[in-house]
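File shown here: target04.txt, holding compact mmCIF, C-alpha atoms.
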# COMPACT_ATOMS: atom_id res chain seq x y z
CA MET A 1 125.08 73.79 77.59
CA GLN A 2 126.46 75.73 80.50
CA PRO A 3 125.93 74.16 83.95
CA PHE A 4 123.82 75.85 86.57
CA ALA A 5 124.98 76.09 90.18
CA LEU A 6 124.77 72.47 91.29
CA ALA A 7 128.14 72.25 92.94
CA ASP A 8 131.53 73.89 92.72
CA SER A 9 133.80 71.60 90.74
CA ASN A 10 136.60 72.41 93.18
CA SER A 11 134.60 71.75 96.34
CA PRO A 12 135.15 68.61 98.41
CA ARG A 13 132.64 65.82 97.99
CA SER A 14 131.01 63.63 100.61
CA SER A 15 128.66 60.68 100.13
CA SER A 16 125.91 62.42 102.09
CA SER A 17 125.32 65.67 100.25
CA CYS A 18 127.77 66.75 97.55
CA ALA A 19 127.31 65.97 93.88
CA ALA A 20 129.77 65.79 91.04
CA PRO A 21 130.00 68.86 88.79
CA TRP A 22 127.37 69.21 86.08
CA PRO A 23 129.53 67.97 83.17
CA GLU A 24 130.38 64.78 85.05
CA ILE A 25 126.73 64.01 85.81
CA GLU A 26 125.70 64.82 82.25
CA ASP A 27 128.47 62.60 80.89
CA PHE A 28 127.29 59.76 83.12
CA LEU A 29 123.71 60.11 81.86
CA ARG A 30 125.02 60.13 78.32
CA THR A 31 127.06 56.94 78.86
CA ARG A 32 123.82 55.33 80.03
CA GLY A 33 122.09 56.26 76.77
CA ALA A 34 119.92 59.20 77.91
CA HIS A 35 120.88 61.16 74.81
CA ARG A 36 119.48 58.42 72.55
CA MET A 37 116.13 57.86 74.28
CA PRO A 38 113.21 59.70 72.62
CA HIS A 39 111.22 61.91 74.95
CA PRO A 40 108.72 64.79 74.49
CA GLY A 41 110.83 67.78 73.50
CA GLY A 42 113.71 65.77 72.04
CA THR A 43 115.68 63.24 74.06
CA LEU A 44 115.52 62.10 77.66
CA LEU A 45 118.80 63.88 78.39
CA GLU A 46 117.43 67.18 77.08
CA HIS A 47 114.32 66.69 79.21
CA LEU A 48 116.38 65.96 82.34
CA ILE A 49 118.47 69.09 81.81
CA ARG A 50 115.35 71.22 81.35
CA VAL A 51 113.80 69.82 84.53
CA ALA A 52 116.94 70.59 86.53
CA ARG A 53 117.11 74.08 85.10
CA LEU A 54 113.46 74.69 85.95
CA LEU A 55 114.10 73.60 89.54
CA SER A 56 117.05 75.98 89.61
CA GLU A 57 114.84 78.84 88.39
CA TRP A 58 112.36 78.04 91.18
CA GLY A 59 115.14 78.32 93.75
CA ALA A 60 115.16 74.64 94.72
CA ASP A 61 117.92 73.33 96.95
CA PRO A 62 120.95 72.12 94.93
CA VAL A 63 120.33 68.57 96.16
CA VAL A 64 116.80 68.73 94.70
CA GLN A 65 118.21 70.13 91.44
CA VAL A 66 120.60 67.18 91.19
CA ALA A 67 117.75 64.75 91.91
CA GLY A 68 115.73 66.44 89.18
CA LEU A 69 118.60 66.01 86.74
CA CYS A 70 118.73 62.28 87.49
CA HIS A 71 115.08 61.64 88.34
CA ALA A 72 114.54 59.07 85.56
CA ALA A 73 117.70 57.07 86.22
CA TYR A 74 115.70 54.08 87.53
CA GLY A 75 112.73 54.80 85.27
CA THR A 76 109.45 56.12 86.67
CA ASP A 77 105.86 54.98 86.92
CA GLY A 78 105.18 57.06 83.82
CA PHE A 79 108.37 56.29 81.88
CA ASP A 80 109.35 52.62 81.81
CA GLN A 81 112.79 52.99 80.22
CA THR A 82 115.70 52.90 82.67
CA LEU A 83 119.26 54.13 82.62
CA MET A 84 120.33 51.79 85.43
CA ASP A 85 118.89 49.11 87.67
CA VAL A 86 117.97 49.81 91.29
CA THR A 87 120.61 47.25 92.25
CA GLU A 88 123.15 49.89 91.11
CA ARG A 89 122.09 52.51 93.64
CA GLY A 90 125.62 52.63 95.03
CA VAL A 91 126.91 53.87 91.68
CA LEU A 92 124.52 56.81 91.70
CA VAL A 93 125.26 57.54 95.37
CA GLU A 94 128.94 57.87 94.52
CA LEU A 95 128.10 60.29 91.72
CA VAL A 96 125.42 62.54 93.28
CA GLY A 97 125.50 61.83 97.02
CA GLU A 98 123.15 59.95 99.34
CA GLN A 99 120.54 62.69 99.69
CA ALA A 100 120.05 63.27 95.97
CA GLU A 101 120.06 59.55 95.19
CA ALA A 102 117.44 58.93 97.88
CA LEU A 103 115.18 61.51 96.22
CA VAL A 104 115.77 59.90 92.81
CA HIS A 105 114.78 56.52 94.26
CA LEU A 106 111.73 58.02 96.00
CA TYR A 107 110.59 59.54 92.73
CA ALA A 108 111.25 56.41 90.68
CA SER A 109 109.64 54.02 93.15
CA CYS A 110 106.42 55.97 93.63
CA ASP A 111 103.29 54.00 92.69
CA ARG A 112 101.39 56.95 91.29
CA ASP A 113 97.99 55.24 91.10
CA VAL A 114 98.18 54.64 94.85
CA VAL A 115 100.03 57.74 96.03
CA TYR A 116 98.65 60.61 93.94
CA PRO A 117 95.06 60.27 95.27
CA ARG A 118 96.42 60.48 98.83
CA PHE A 119 97.65 64.02 98.36
CA GLY A 120 95.05 66.35 99.76
CA ASP A 121 94.05 64.01 102.55
CA ALA A 122 95.77 63.79 105.90
CA ARG A 123 99.45 64.69 106.18
CA PRO A 124 101.96 63.12 106.04
CA VAL A 125 101.30 61.26 102.79
CA VAL A 126 101.97 57.52 102.88
CA PHE A 127 103.88 56.34 99.81
CA CYS A 128 103.76 52.94 98.13
CA ASP A 129 106.97 51.56 96.59
CA ARG A 130 106.13 50.10 93.18
CA PHE A 131 109.31 48.01 93.24
CA THR A 132 108.56 46.24 96.53
CA GLY A 133 104.89 46.95 97.26
CA ARG A 134 105.83 48.27 100.69
CA GLU A 135 104.37 51.43 102.18
CA HIS A 136 106.46 54.11 103.89
CA THR A 137 106.15 57.73 104.95
CA PRO A 138 108.75 60.18 103.60
CA SER A 139 109.81 63.14 105.73
CA ASP A 140 108.13 66.48 105.04
CA PRO A 141 111.23 67.86 103.21
CA ASP A 142 111.37 64.75 101.03
CA ALA A 143 107.65 64.98 100.23
CA ARG A 144 108.12 68.62 99.25
CA ALA A 145 111.10 67.74 97.06
CA PHE A 146 109.10 64.95 95.44
CA LEU A 147 106.25 67.35 94.56
CA GLU A 148 108.68 70.00 93.29
CA ILE A 149 110.37 67.48 90.98
CA THR A 150 106.97 66.16 89.92
CA ALA A 151 105.81 69.64 88.97
CA ALA A 152 108.99 70.41 87.02
CA ASN A 153 108.85 67.07 85.21
CA GLU A 154 105.18 67.19 84.29
CA LEU A 155 105.17 70.83 83.24
CA ASP A 156 108.08 70.20 80.89
CA VAL A 157 106.42 67.11 79.41
CA LEU A 158 103.11 68.90 78.83
CA ALA A 159 104.88 71.92 77.35
CA HIS A 160 106.28 69.67 74.61
CA ASP A 161 103.30 67.37 73.96
CA ALA A 162 99.84 68.89 73.50
CA ASP A 163 98.15 65.48 73.34
CA LEU A 164 99.57 64.50 76.73
CA GLY A 165 98.45 67.88 78.03
CA GLU A 166 94.85 67.23 76.99
CA ARG A 167 95.00 63.73 78.46
CA TYR A 168 96.69 64.41 81.78
CA GLY A 169 96.43 68.18 82.30
CA PRO A 170 93.17 68.19 84.30
CA ALA A 171 94.33 65.40 86.64
CA LEU A 172 97.67 67.11 87.22
CA GLN A 173 95.88 70.38 87.89
CA ARG A 174 93.87 68.67 90.62
CA LEU A 175 96.97 66.97 92.05
CA PHE A 176 98.90 70.21 92.42
CA LEU A 177 95.85 72.04 93.75
CA ARG A 178 95.42 69.40 96.47
CA SER A 179 99.11 69.53 97.34
CA ARG A 180 99.61 73.28 96.99
CA ASP A 181 100.93 73.54 100.56
CA LEU A 182 103.89 71.32 99.61
CA LEU A 183 104.92 73.35 96.56
CA SER A 184 107.16 76.39 96.56
CA ALA A 185 105.53 79.67 95.54
CA ALA A 186 107.47 79.67 92.26
CA ALA A 187 106.41 76.12 91.41
CA TRP A 188 102.78 76.87 92.24
CA ASP A 189 102.80 79.98 90.07
CA ALA A 190 104.18 77.92 87.19
CA CYS A 191 101.45 75.31 87.67
CA VAL A 192 98.77 78.01 87.64
CA ARG A 193 100.15 79.58 84.47
CA GLN A 194 100.52 76.35 82.54
CA LEU A 195 97.65 74.23 83.86
CA GLY A 196 95.05 76.96 84.21
CA GLN A 197 93.79 76.18 80.71
CA TYR A 198 92.54 72.77 81.83
CA SER A 199 89.14 72.72 83.48
CA PHE A 200 88.14 70.40 86.30
CA ASP A 201 85.96 67.42 85.53
CA PRO A 202 82.38 68.36 86.42
CA GLU A 203 81.98 65.43 88.82
CA SER A 204 85.09 66.28 90.80
CA GLY A 205 84.83 70.08 90.64
CA ILE A 206 82.80 72.46 92.79
CA GLN A 207 80.11 74.97 91.95
CA ILE A 208 79.96 78.24 93.89
CA THR A 209 76.33 79.07 94.70
CA GLY A 210 76.61 82.39 96.48
CA LEU A 211 78.59 84.84 98.59
CA ASP A 212 78.42 84.21 102.33
CA HIS A 213 80.51 87.11 103.58
CA LEU A 214 83.38 89.39 102.72
CA VAL A 215 85.95 91.18 104.86
CA LEU A 216 86.73 94.88 105.01
CA THR A 217 89.90 96.17 106.62
CA VAL A 218 89.03 99.52 108.19
CA ALA A 219 90.75 102.28 110.13
CA ASP A 220 87.99 102.58 112.75
CA ILE A 221 85.58 99.68 113.27
CA GLU A 222 82.99 101.60 115.27
CA ARG A 223 82.92 104.45 112.76
CA THR A 224 82.38 101.91 109.97
CA VAL A 225 79.62 100.15 111.90
CA GLY A 226 77.84 103.45 112.46
CA PHE A 227 78.06 104.45 108.80
CA TYR A 228 76.80 101.18 107.37
CA GLU A 229 74.00 100.98 109.95
CA ARG A 230 72.85 104.56 109.38
CA VAL A 231 73.33 104.87 105.62
CA LEU A 232 72.78 101.33 104.32
CA GLY A 233 70.55 99.86 107.02
CA MET A 234 72.88 96.97 107.87
CA HIS A 235 72.64 95.33 111.27
CA PRO A 236 75.68 95.33 113.63
CA VAL A 237 76.70 91.86 114.78
CA THR A 238 79.14 90.78 117.49
CA PHE A 239 80.46 87.22 117.31
CA GLY A 240 83.37 85.07 118.43
CA GLU A 241 85.63 86.84 120.89
CA GLY A 242 84.19 90.30 120.37
CA ARG A 243 84.54 90.41 116.58
CA ARG A 244 82.30 92.88 114.73
CA ALA A 245 80.36 92.42 111.52
CA LEU A 246 77.50 93.93 109.52
CA ALA A 247 74.61 91.69 108.48
CA PHE A 248 72.32 92.25 105.50
CA GLY A 249 70.01 89.80 103.76
CA THR A 250 71.69 86.39 103.82
CA SER A 251 75.22 87.83 103.86
CA LYS A 252 77.49 89.85 106.10
CA ILE A 253 80.63 91.96 106.12
CA ASN A 254 83.26 91.01 108.68
CA LEU A 255 85.42 93.88 109.87
CA HIS A 256 89.18 93.79 110.52
CA GLN A 257 91.01 96.56 112.29
CA ALA A 258 93.87 97.86 110.12
CA GLY A 259 97.18 96.77 111.60
CA ARG A 260 95.50 94.02 113.63
CA GLU A 261 94.10 91.83 110.88
CA LEU A 262 93.10 88.29 111.79
CA ARG A 263 94.86 85.46 110.01
CA PRO A 264 94.52 84.27 107.39
CA HIS A 265 94.04 87.53 105.54
CA ALA A 266 94.58 89.02 102.09
CA THR A 267 98.15 89.68 100.97
CA ARG A 268 97.81 93.46 101.24
CA PRO A 269 94.75 94.34 103.37
CA THR A 270 94.32 98.11 103.06
CA PRO A 271 91.50 100.43 104.10
CA GLY A 272 89.83 102.02 101.09
CA SER A 273 90.79 99.35 98.54
CA ALA A 274 87.39 97.64 98.20
CA ASP A 275 84.74 98.13 95.52
CA LEU A 276 81.37 96.66 96.58
CA CYS A 277 77.98 96.43 94.93
CA VAL A 278 74.90 95.96 97.12
CA VAL A 279 71.35 95.51 95.93
CA THR A 280 68.17 97.26 97.10
CA GLU A 281 64.53 97.10 96.03
CA ALA A 282 64.17 100.84 96.61
CA PRO A 283 64.01 102.95 93.45
CA GLN A 284 67.06 105.07 92.75
CA GLU A 285 65.13 108.28 93.46
CA ARG A 286 64.64 107.11 97.03
CA VAL A 287 68.31 106.13 97.24
CA LEU A 288 69.32 109.66 96.27
CA ALA A 289 66.93 111.23 98.74
CA HIS A 290 68.17 109.00 101.55
CA LEU A 291 71.81 109.74 100.85
CA ALA A 292 71.06 113.47 100.81
CA ALA A 293 69.28 113.18 104.15
CA CYS A 294 72.32 111.36 105.57
CA GLY A 295 74.69 114.00 104.23
CA VAL A 296 76.55 111.48 102.06
CA PRO A 297 77.85 112.82 98.73
CA VAL A 298 77.05 110.88 95.56
CA GLU A 299 80.12 110.01 93.49
CA GLU A 300 78.10 109.08 90.41
CA GLY A 301 74.62 108.04 89.44
CA PRO A 302 72.09 106.89 88.94
CA VAL A 303 73.63 105.25 85.87
CA PRO A 304 72.81 102.05 83.96
CA ARG A 305 75.02 99.07 84.74
CA THR A 306 74.97 95.29 84.31
CA GLY A 307 74.64 93.25 87.48
CA ALA A 308 75.03 89.53 88.08
CA GLN A 309 71.42 88.89 87.04
CA GLY A 310 70.90 91.55 84.40
CA PRO A 311 70.52 95.32 83.91
CA VAL A 312 70.58 97.55 86.99
CA ALA A 313 70.54 101.24 87.84
CA SER A 314 73.35 102.20 90.22
CA THR A 315 74.42 105.04 92.46
CA TYR A 316 77.97 105.25 93.83
CA LEU A 317 79.27 106.62 97.14
CA LEU A 318 82.34 106.33 99.37
CA ASP A 319 82.36 104.91 102.88
CA PRO A 320 84.49 106.45 105.69
CA ASP A 321 87.61 104.56 104.51
CA GLY A 322 87.13 105.52 100.87
CA ASN A 323 85.77 102.14 99.75
CA LEU A 324 83.56 102.52 96.70
CA ILE A 325 79.98 101.39 97.35
CA GLU A 326 77.57 100.82 94.48
CA ILE A 327 73.87 100.70 95.40
CA SER A 328 71.97 98.94 92.62
CA THR A 329 68.31 98.46 91.78
CA TYR A 330 67.30 95.81 89.27
CA ASN A 331 65.03 97.10 86.54

Can you present the structure in this file as structure tokens?
Amino acid sequence: MQPFALADSNSPRSSSSCAAPWPEIEDFLRTRGAHRMPHPGGTLLEHLIRVARLLSEWGADPVVQVAGLCHAAYGTDGFDQTLMDVTERGVLVELVGEQAEALVHLYASCDRDVVYPRFGDARPVVFCDRFTGREHTPSDPDARAFLEITAANELDVLAHDADLGERYGPALQRLFLRSRDLLSAAAWDACVRQLGQYSFDPESGIQITGLDHLVLTVADIERTVGFYERVLGMHPVTFGEGRRALAFGTSKINLHQAGRELRPHATRPTPGSADLCVVTEAPQERVLAHLAACGVPVEEGPVPRTGAQGPVASTYLLDPDGNLIEISTYN
């Protein structure tokens, strides 16, 4: 296999950051028997190489890639075979550098039963060392590296063992969801793609019961308020520090001024990109008459559609920003 960009074989090495070239690290793992140890997807060595390559694809720092390549050197809480004892840490430091070795030790020493449930609570996460029983708090960069290596390791294992996927997939999905803020965007996307097939346990999941409000990004807030009040009978609301909204039933529409959106907001908030369906008890004939009286053109309708609770008749129109509004009446 060709090496990825861990380190230039001609670059100087220091004990703090630089690692040996890929072939040298791979040869070391082989001398320790990694190529003979069975592992989902072949051998442990093949697994380690795939994990490091995955970290490389995600754009992880070279130090994190090296740690991923050697992450099982001292064994892990989920893999009890070891390539070397923790008393030999100096040997690994000489090979991969202090930073990478420290991440390998952090990963190997993690007591998962204690630490995993702590992700999602207060930050920083307090770790428990399974070798010593002591608790400690890794730095934020180290916690992020730990989660990145964890994601790469677990995704590779589950990709090569369907039974393990069924057994551990839901719990891993919850772990990465709780710790999403510590994962890179690439790692999170990979977790979503691979773990999305596993559903949450009913007792630990959530059930959405309704829509409280939605946000529209508009070119002119006052023009939008006037339209929705006049045409759809919504009630203007002012809240917070002068923010505007439109109330109807038990819900409301919050309004953001284009170019001055409040954070957090959608990735690409754009006027005219929404497609909304609102419900009325008025028959569609009255809807048509009202729209005509307001001078609002009908885009389509009335036409039969299927709403959240069954068949509806719907009429479509555009608001001042070009958002598509569907006015529906249940049969």

Exercise: Pro304 (chain A) partners within 9 Å, only C-alpha atoms, chain neighbours under 5 positions left out, as an NGL selection string: :A and (311-314)

Hey, can you spit out that residue selection with C-alpha atoms as a compact mmCIF listing (two decimals), in the frame of the given file?
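This went into selection-v2.txt:
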# COMPACT_ATOMS: atom_id res chain seq x y z
CA PRO A 311 70.52 95.32 83.91
CA VAL A 312 70.58 97.55 86.99
CA ALA A 313 70.54 101.24 87.84
CA SER A 314 73.35 102.20 90.22

Near-region 233-242 of chain A list (12 Å; all atoms listed in the file; drop same-chain fewer than 6 positions) as a list in words: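 My reading of the contact set: Ile221, Glu222, Arg223, Thr224, Val225, Gly226, Phe227, Phe248, Gly249, Thr250, Ser251, Lys252, Ile253, Asn254, Leu255, His256, Leu262, Val278, Val279, Thr280, Val287, His290, Leu291 and Cys294 of chain A.
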
Any chance you can output those residues with C-alpha atoms as a PDB file, in the coordinates of the input?
ATOM      1  CA  ILE A 221      85.580  99.680 113.270  1.00  0.00           C
ATOM      2  CA  GLU A 222      82.990 101.600 115.270  1.00  0.00           C
ATOM      3  CA  ARG A 223      82.920 104.450 112.760  1.00  0.00           C
ATOM      4  CA  THR A 224      82.380 101.910 109.970  1.00  0.00           C
ATOM      5  CA  VAL A 225      79.620 100.150 111.900  1.00  0.00           C
ATOM      6  CA  GLY A 226      77.840 103.450 112.460  1.00  0.00           C
ATOM      7  CA  PHE A 227      78.060 104.450 108.800  1.00  0.00           C
ATOM      8  CA  PHE A 248      72.320  92.250 105.500  1.00  0.00           C
ATOM      9  CA  GLY A 249      70.010  89.800 103.760  1.00  0.00           C
ATOM     10  CA  THR A 250      71.690  86.390 103.820  1.00  0.00           C
ATOM     11  CA  SER A 251      75.220  87.830 103.860  1.00  0.00           C
ATOM     12  CA  LYS A 252      77.490  89.850 106.100  1.00  0.00           C
ATOM     13  CA  ILE A 253      80.630  91.960 106.120  1.00  0.00           C
ATOM     14  CA  ASN A 254      83.260  91.010 108.680  1.00  0.00           C
ATOM     15  CA  LEU A 255      85.420  93.880 109.870  1.00  0.00           C
ATOM     16  CA  HIS A 256      89.180  93.790 110.520  1.00  0.00           C
ATOM     17  CA  LEU A 262      93.100  88.290 111.790  1.00  0.00           C
ATOM     18  CA  VAL A 278      74.900  95.960  97.120  1.00  0.00           C
ATOM     19  CA  VAL A 279      71.350  95.510  95.930  1.00  0.00           C
ATOM     20  CA  THR A 280      68.170  97.260  97.100  1.00  0.00           C
ATOM     21  CA  VAL A 287      68.310 106.130  97.240  1.00  0.00           C
ATOM     22  CA  HIS A 290      68.170 109.000 101.550  1.00  0.00           C
ATOM     23  CA  LEU A 291      71.810 109.740 100.850  1.00  0.00           C
ATOM     24  CA  CYS A 294      72.320 111.360 105.570  1.00  0.00           C
TER      25      CYS A 294
END

Pairwise distance for CA of Leu318 (chain A) and CA of Arg244 (chain A), rounded to one decimal in Å: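 Pair CA of Leu318 (chain A) / CA of Arg244 (chain A) returns 20.4 Å.
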
Among the residues A:Ser273, A:Tyr330, A:Gly97, A:Asp319, the one that comes closest to Pro21 (chain A) [using all atoms listed in the file]: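 The closest residue to Pro21 (chain A) is A:Gly97.
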
Straight-line distance linking CA of Gly301 (chain A) with CA of Thr329 (chain A), stated in Å to one decimal: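 Rounded to one decimal, the two atoms are 11.7 Å apart.
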
I want to know what sits within 12 Å of Leu172 (chain A), based on all atoms listed in the file, with residues of the same chain fewer than 6 positions away left out; could you give that as a PDB file with C-alpha atoms, in the frame of the given file?
ATOM      1  CA  ARG A 112     101.390  56.950  91.290  1.00  0.00           C
ATOM      2  CA  TYR A 116      98.650  60.610  93.940  1.00  0.00           C
ATOM      3  CA  PRO A 117      95.060  60.270  95.270  1.00  0.00           C
ATOM      4  CA  PHE A 119      97.650  64.020  98.360  1.00  0.00           C
ATOM      5  CA  LEU A 147     106.250  67.350  94.560  1.00  0.00           C
ATOM      6  CA  THR A 150     106.970  66.160  89.920  1.00  0.00           C
ATOM      7  CA  ALA A 151     105.810  69.640  88.970  1.00  0.00           C
ATOM      8  CA  ALA A 152     108.990  70.410  87.020  1.00  0.00           C
ATOM      9  CA  ASN A 153     108.850  67.070  85.210  1.00  0.00           C
ATOM     10  CA  GLU A 154     105.180  67.190  84.290  1.00  0.00           C
ATOM     11  CA  LEU A 155     105.170  70.830  83.240  1.00  0.00           C
ATOM     12  CA  VAL A 157     106.420  67.110  79.410  1.00  0.00           C
ATOM     13  CA  LEU A 158     103.110  68.900  78.830  1.00  0.00           C
ATOM     14  CA  LEU A 164      99.570  64.500  76.730  1.00  0.00           C
ATOM     15  CA  GLY A 165      98.450  67.880  78.030  1.00  0.00           C
ATOM     16  CA  GLU A 166      94.850  67.230  76.990  1.00  0.00           C
ATOM     17  CA  ARG A 178      95.420  69.400  96.470  1.00  0.00           C
ATOM     18  CA  SER A 179      99.110  69.530  97.340  1.00  0.00           C
ATOM     19  CA  ARG A 180      99.610  73.280  96.990  1.00  0.00           C
ATOM     20  CA  CYS A 191     101.450  75.310  87.670  1.00  0.00           C
ATOM     21  CA  VAL A 192      98.770  78.010  87.640  1.00  0.00           C
ATOM     22  CA  GLN A 194     100.520  76.350  82.540  1.00  0.00           C
ATOM     23  CA  LEU A 195      97.650  74.230  83.860  1.00  0.00           C
ATOM     24  CA  GLY A 196      95.050  76.960  84.210  1.00  0.00           C
ATOM     25  CA  GLN A 197      93.790  76.180  80.710  1.00  0.00           C
ATOM     26  CA  TYR A 198      92.540  72.770  81.830  1.00  0.00           C
ATOM     27  CA  SER A 199      89.140  72.720  83.480  1.00  0.00           C
ATOM     28  CA  PHE A 200      88.140  70.400  86.300  1.00  0.00           C
ATOM     29  CA  ASP A 201      85.960  67.420  85.530  1.00  0.00           C
TER      30      ASP A 201
END

Atomic separation - CA of Ala108 (chain A) relative to CA of Val86 (chain A), Å: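 Going from CA of Val86 (chain A) over to CA of Ala108 (chain A), I get 9.4 Å.
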
So for region 209-227 of chain A, what box centre and size do we get, axis-aligned, 4 Å extra on each of the six sides, every listed atom, Å to one decimal, as lines of an AutoDock Vina configuration file?
center_x = 83.5
center_y = 91.8
center_z = 105.0
size_x = 22.4
size_y = 33.4
size_z = 28.6

Do you have, as JSON lines, the list of residues of region 48-89 of chain A lying at most 12 Å from region 122-144 of chain A, each with its nearest atom pair and that distance in Å to one decimal, counting only C-alpha atoms and ordered by chain then number?
{"residue": "A:Ala60", "atom": "CA", "partner": "A:Arg144", "partner_atom": "CA", "distance": 10.3}
{"residue": "A:Asp61", "atom": "CA", "partner": "A:Pro141", "partner_atom": "CA", "distance": 10.7}
{"residue": "A:Val63", "atom": "CA", "partner": "A:Asp142", "partner_atom": "CA", "distance": 10.9}
{"residue": "A:Val64", "atom": "CA", "partner": "A:Asp142", "partner_atom": "CA", "distance": 9.2}
{"residue": "A:Ala67", "atom": "CA", "partner": "A:Asp142", "partner_atom": "CA", "distance": 11.1}
{"residue": "A:Tyr74", "atom": "CA", "partner": "A:Phe131", "partner_atom": "CA", "distance": 10.5}
{"residue": "A:Gly75", "atom": "CA", "partner": "A:Phe131", "partner_atom": "CA", "distance": 11.0}
{"residue": "A:Thr76", "atom": "CA", "partner": "A:Arg130", "partner_atom": "CA", "distance": 9.5}
{"residue": "A:Asp77", "atom": "CA", "partner": "A:Arg130", "partner_atom": "CA", "distance": 7.9}
{"residue": "A:Gly78", "atom": "CA", "partner": "A:Arg130", "partner_atom": "CA", "distance": 11.7}
{"residue": "A:Asp85", "atom": "CA", "partner": "A:Phe131", "partner_atom": "CA", "distance": 11.1}
{"residue": "A:Val86", "atom": "CA", "partner": "A:Phe131", "partner_atom": "CA", "distance": 9.1}
{"residue": "A:Thr87", "atom": "CA", "partner": "A:Phe131", "partner_atom": "CA", "distance": 11.4}

Store the residues picked out above, limited to C-alpha atoms, as a PDB file, keeping the file's coordinate frame.
ATOM      1  CA  ALA A  60     115.160  74.640  94.720  1.00  0.00           C
ATOM      2  CA  ASP A  61     117.920  73.330  96.950  1.00  0.00           C
ATOM      3  CA  VAL A  63     120.330  68.570  96.160  1.00  0.00           C
ATOM      4  CA  VAL A  64     116.800  68.730  94.700  1.00  0.00           C
ATOM      5  CA  ALA A  67     117.750  64.750  91.910  1.00  0.00           C
ATOM      6  CA  TYR A  74     115.700  54.080  87.530  1.00  0.00           C
ATOM      7  CA  GLY A  75     112.730  54.800  85.270  1.00  0.00           C
ATOM      8  CA  THR A  76     109.450  56.120  86.670  1.00  0.00           C
ATOM      9  CA  ASP A  77     105.860  54.980  86.920  1.00  0.00           C
ATOM     10  CA  GLY A  78     105.180  57.060  83.820  1.00  0.00           C
ATOM     11  CA  ASP A  85     118.890  49.110  87.670  1.00  0.00           C
ATOM     12  CA  VAL A  86     117.970  49.810  91.290  1.00  0.00           C
ATOM     13  CA  THR A  87     120.610  47.250  92.250  1.00  0.00           C
TER      14      THR A  87
END

Shell around region 38-54 of chain A at 12 Å using all atoms listed in the file, local window under 6 positions removed, as a PyMOL selection string: chain A and resi 1-6+22-23+25-32+60-73+75+78-83+148-165+186-187+190

Let me see the file: selected residues, C-alpha atoms, as an mmCIF file, in the frame of the given file.
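The resulting file, selection-v3.cif, is reproduced below:
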data_model
loop_
_atom_site.group_PDB
_atom_site.id
_atom_site.type_symbol
_atom_site.label_atom_id
_atom_site.label_comp_id
_atom_site.auth_asym_id
_atom_site.auth_seq_id
_atom_site.Cartn_x
_atom_site.Cartn_y
_atom_site.Cartn_z
ATOM 1 C CA MET A 1 125.080 73.790 77.590
ATOM 2 C CA GLN A 2 126.460 75.730 80.500
ATOM 3 C CA PRO A 3 125.930 74.160 83.950
ATOM 4 C CA PHE A 4 123.820 75.850 86.570
ATOM 5 C CA ALA A 5 124.980 76.090 90.180
ATOM 6 C CA LEU A 6 124.770 72.470 91.290
ATOM 7 C CA TRP A 22 127.370 69.210 86.080
ATOM 8 C CA PRO A 23 129.530 67.970 83.170
ATOM 9 C CA ILE A 25 126.730 64.010 85.810
ATOM 10 C CA GLU A 26 125.700 64.820 82.250
ATOM 11 C CA ASP A 27 128.470 62.600 80.890
ATOM 12 C CA PHE A 28 127.290 59.760 83.120
ATOM 13 C CA LEU A 29 123.710 60.110 81.860
ATOM 14 C CA ARG A 30 125.020 60.130 78.320
ATOM 15 C CA THR A 31 127.060 56.940 78.860
ATOM 16 C CA ARG A 32 123.820 55.330 80.030
ATOM 17 C CA ALA A 60 115.160 74.640 94.720
ATOM 18 C CA ASP A 61 117.920 73.330 96.950
ATOM 19 C CA PRO A 62 120.950 72.120 94.930
ATOM 20 C CA VAL A 63 120.330 68.570 96.160
ATOM 21 C CA VAL A 64 116.800 68.730 94.700
ATOM 22 C CA GLN A 65 118.210 70.130 91.440
ATOM 23 C CA VAL A 66 120.600 67.180 91.190
ATOM 24 C CA ALA A 67 117.750 64.750 91.910
ATOM 25 C CA GLY A 68 115.730 66.440 89.180
ATOM 26 C CA LEU A 69 118.600 66.010 86.740
ATOM 27 C CA CYS A 70 118.730 62.280 87.490
ATOM 28 C CA HIS A 71 115.080 61.640 88.340
ATOM 29 C CA ALA A 72 114.540 59.070 85.560
ATOM 30 C CA ALA A 73 117.700 57.070 86.220
ATOM 31 C CA GLY A 75 112.730 54.800 85.270
ATOM 32 C CA GLY A 78 105.180 57.060 83.820
ATOM 33 C CA PHE A 79 108.370 56.290 81.880
ATOM 34 C CA ASP A 80 109.350 52.620 81.810
ATOM 35 C CA GLN A 81 112.790 52.990 80.220
ATOM 36 C CA THR A 82 115.700 52.900 82.670
ATOM 37 C CA LEU A 83 119.260 54.130 82.620
ATOM 38 C CA GLU A 148 108.680 70.000 93.290
ATOM 39 C CA ILE A 149 110.370 67.480 90.980
ATOM 40 C CA THR A 150 106.970 66.160 89.920
ATOM 41 C CA ALA A 151 105.810 69.640 88.970
ATOM 42 C CA ALA A 152 108.990 70.410 87.020
ATOM 43 C CA ASN A 153 108.850 67.070 85.210
ATOM 44 C CA GLU A 154 105.180 67.190 84.290
ATOM 45 C CA LEU A 155 105.170 70.830 83.240
ATOM 46 C CA ASP A 156 108.080 70.200 80.890
ATOM 47 C CA VAL A 157 106.420 67.110 79.410
ATOM 48 C CA LEU A 158 103.110 68.900 78.830
ATOM 49 C CA ALA A 159 104.880 71.920 77.350
ATOM 50 C CA HIS A 160 106.280 69.670 74.610
ATOM 51 C CA ASP A 161 103.300 67.370 73.960
ATOM 52 C CA ALA A 162 99.840 68.890 73.500
ATOM 53 C CA ASP A 163 98.150 65.480 73.340
ATOM 54 C CA LEU A 164 99.570 64.500 76.730
ATOM 55 C CA GLY A 165 98.450 67.880 78.030
ATOM 56 C CA ALA A 186 107.470 79.670 92.260
ATOM 57 C CA ALA A 187 106.410 76.120 91.410
ATOM 58 C CA ALA A 190 104.180 77.920 87.190
#
